[in-house]
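**Q** Once you've had a glance at the structure underneath, I'll fire off some questions.
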Amino acid sequence: MRQQPLYPPPSPPLPVPKPPRRGIGDIPIKVVYLLGAILVTVLAVFLIFMVFSGDVPTNKASVERVAPVAPVPSSAAPSASAVPTATESPIALPPVPKSKAYPTLAGTASVVTGIISDTNTGITYPRLAAPWKAKSFPPFSVAQRIGKVAVPHTVIASAMFPGDSPTTKPSKDADYRELATQGARWSLRTQYPAGATLAWTASQKIPVGKGWTLGYQVTYTLNGKQQVAQAMVTVVEVGKTKPAMLLASIPETNKKRWPDINTLVQRVRPL
């Protein structure tokens, strides 16, 4: 007689169900919004790069730093020399006031859109909204300009002080005032038609650090017509024998931008 097994044979394993296929409609709505936001951000960055890449030369600097300028045709580039050559006559300037507050120029100043950090010179100053644009303009390290490259220039620009370094590092206000005077004389030669003259409108210490600002009105003749411009030059001690220089020049064709000079005078700083 065959003995029956004590336990029944094991049942065959049940088939494992396959996970259901998910369609687009099964994706959580939060994920959809996240993917959409990423796509819009990438597209916006791409469009901004395409629009503004032609204004400032390519550089590894941060967004707020304007790229160092690239050369322009020699016919349009101003001379970088602060000292007259053998064929140039020294430009005579009126006596510089020891102290004179910068006047408030009439009009509405441009909107400040950021801060330019010029690491080549060691100073910072406001970056202004349109129509100011960052453009190539040697011999300056950084430049904001309006209009074409032509004399007289409408420009805000920074560079190390042109010419040779002083034999000793400036220490007194009078030293920086003298250097600012040399910078103003240099600007007459490089930014305006020949024969331009100036009258001082301001002479004061910079708001932070060591340095000096001179304001002046330039009178010049262009196409047989006498015109004027408002200008300023600031020299700033930046830890070197040679100081940094910030220059602004705005002819009367852009006179509604004259108040922008007040903005620069008040907010230029050493890094």
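The chains in the structure tokens are called A, B, ... from first to last as shown; in each chain the residues are counted from 1, and the ligands are counted from 1 in the order shown.
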Asn262 (chain A): which residues within 10 Å, counting only C-alpha atoms, same-chain residues fewer than 2 positions away excluded, as a ChimeraX atom specification?

**A** /A:102-106,109,215,232,258-260,264-267

**Q** For the selection just defined, write its residues with C-alpha atoms to a file, as a JSON list (two decimals), in the first residue's frame.

**A**
[["chain", "number", "residue", "atom", "x", "y", "z"],
["A", 102, "TYR", "CA", 31.03, 120.14, -7.22],
["A", 103, "PRO", "CA", 27.90, 121.95, -8.49],
["A", 104, "THR", "CA", 24.66, 120.06, -9.01],
["A", 105, "LEU", "CA", 24.17, 119.91, -12.76],
["A", 106, "ALA", "CA", 20.60, 120.51, -13.91],
["A", 109, "ALA", "CA", 20.52, 111.57, -13.84],
["A", 215, "GLY", "CA", 35.34, 119.35, -12.46],
["A", 232, "MET", "CA", 35.47, 115.56, -14.55],
["A", 258, "TRP", "CA", 25.36, 116.11, -17.52],
["A", 259, "PRO", "CA", 23.82, 115.13, -14.12],
["A", 260, "ASP", "CA", 25.43, 111.69, -14.56],
["A", 264, "LEU", "CA", 30.11, 109.48, -10.64],
["A", 265, "VAL", "CA", 31.68, 112.11, -8.38],
["A", 266, "GLN", "CA", 29.65, 110.91, -5.40],
["A", 267, "ARG", "CA", 30.12, 107.16, -5.91]]

**Q** So, with only C-alpha atoms as the atoms that count, which of A:Ile38, A:Val111, A:Ala194, A:Val236 lies closest to Gly209 (chain A)?

**A** A:Val236

**Q** Return as number ranges by chain the full set of residues in region 62-263 of chain A whose backbone-based DSSP assignment is strand (DSSP E).

**A** A: 112-118, 123-128, 133-134, 142-145, 155-160, 197-205, 211-222, 225-236, 244-251

**Q** Would you kindly return, as a PyMOL selection string, each protein, DNA or RNA residue with an atom no farther than 9 Å from any atom of region 158-163 of chain A, considering only C-alpha atoms and excluding same-chain residues fewer than 5 positions away?

**A** chain A and resi 80-83+118+120-123+139-143+179+183+186+235+242-248

**Q** Which residue out of A:Tyr192, A:Phe137, A:Trp200, A:Trp132 has the minimum interatomic distance to Leu214 (chain A) when only C-alpha atoms are used?

**A**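 Nearest candidate to Leu214 (chain A) out of A:Tyr192, A:Phe137, A:Trp200, A:Trp132: A:Trp200.
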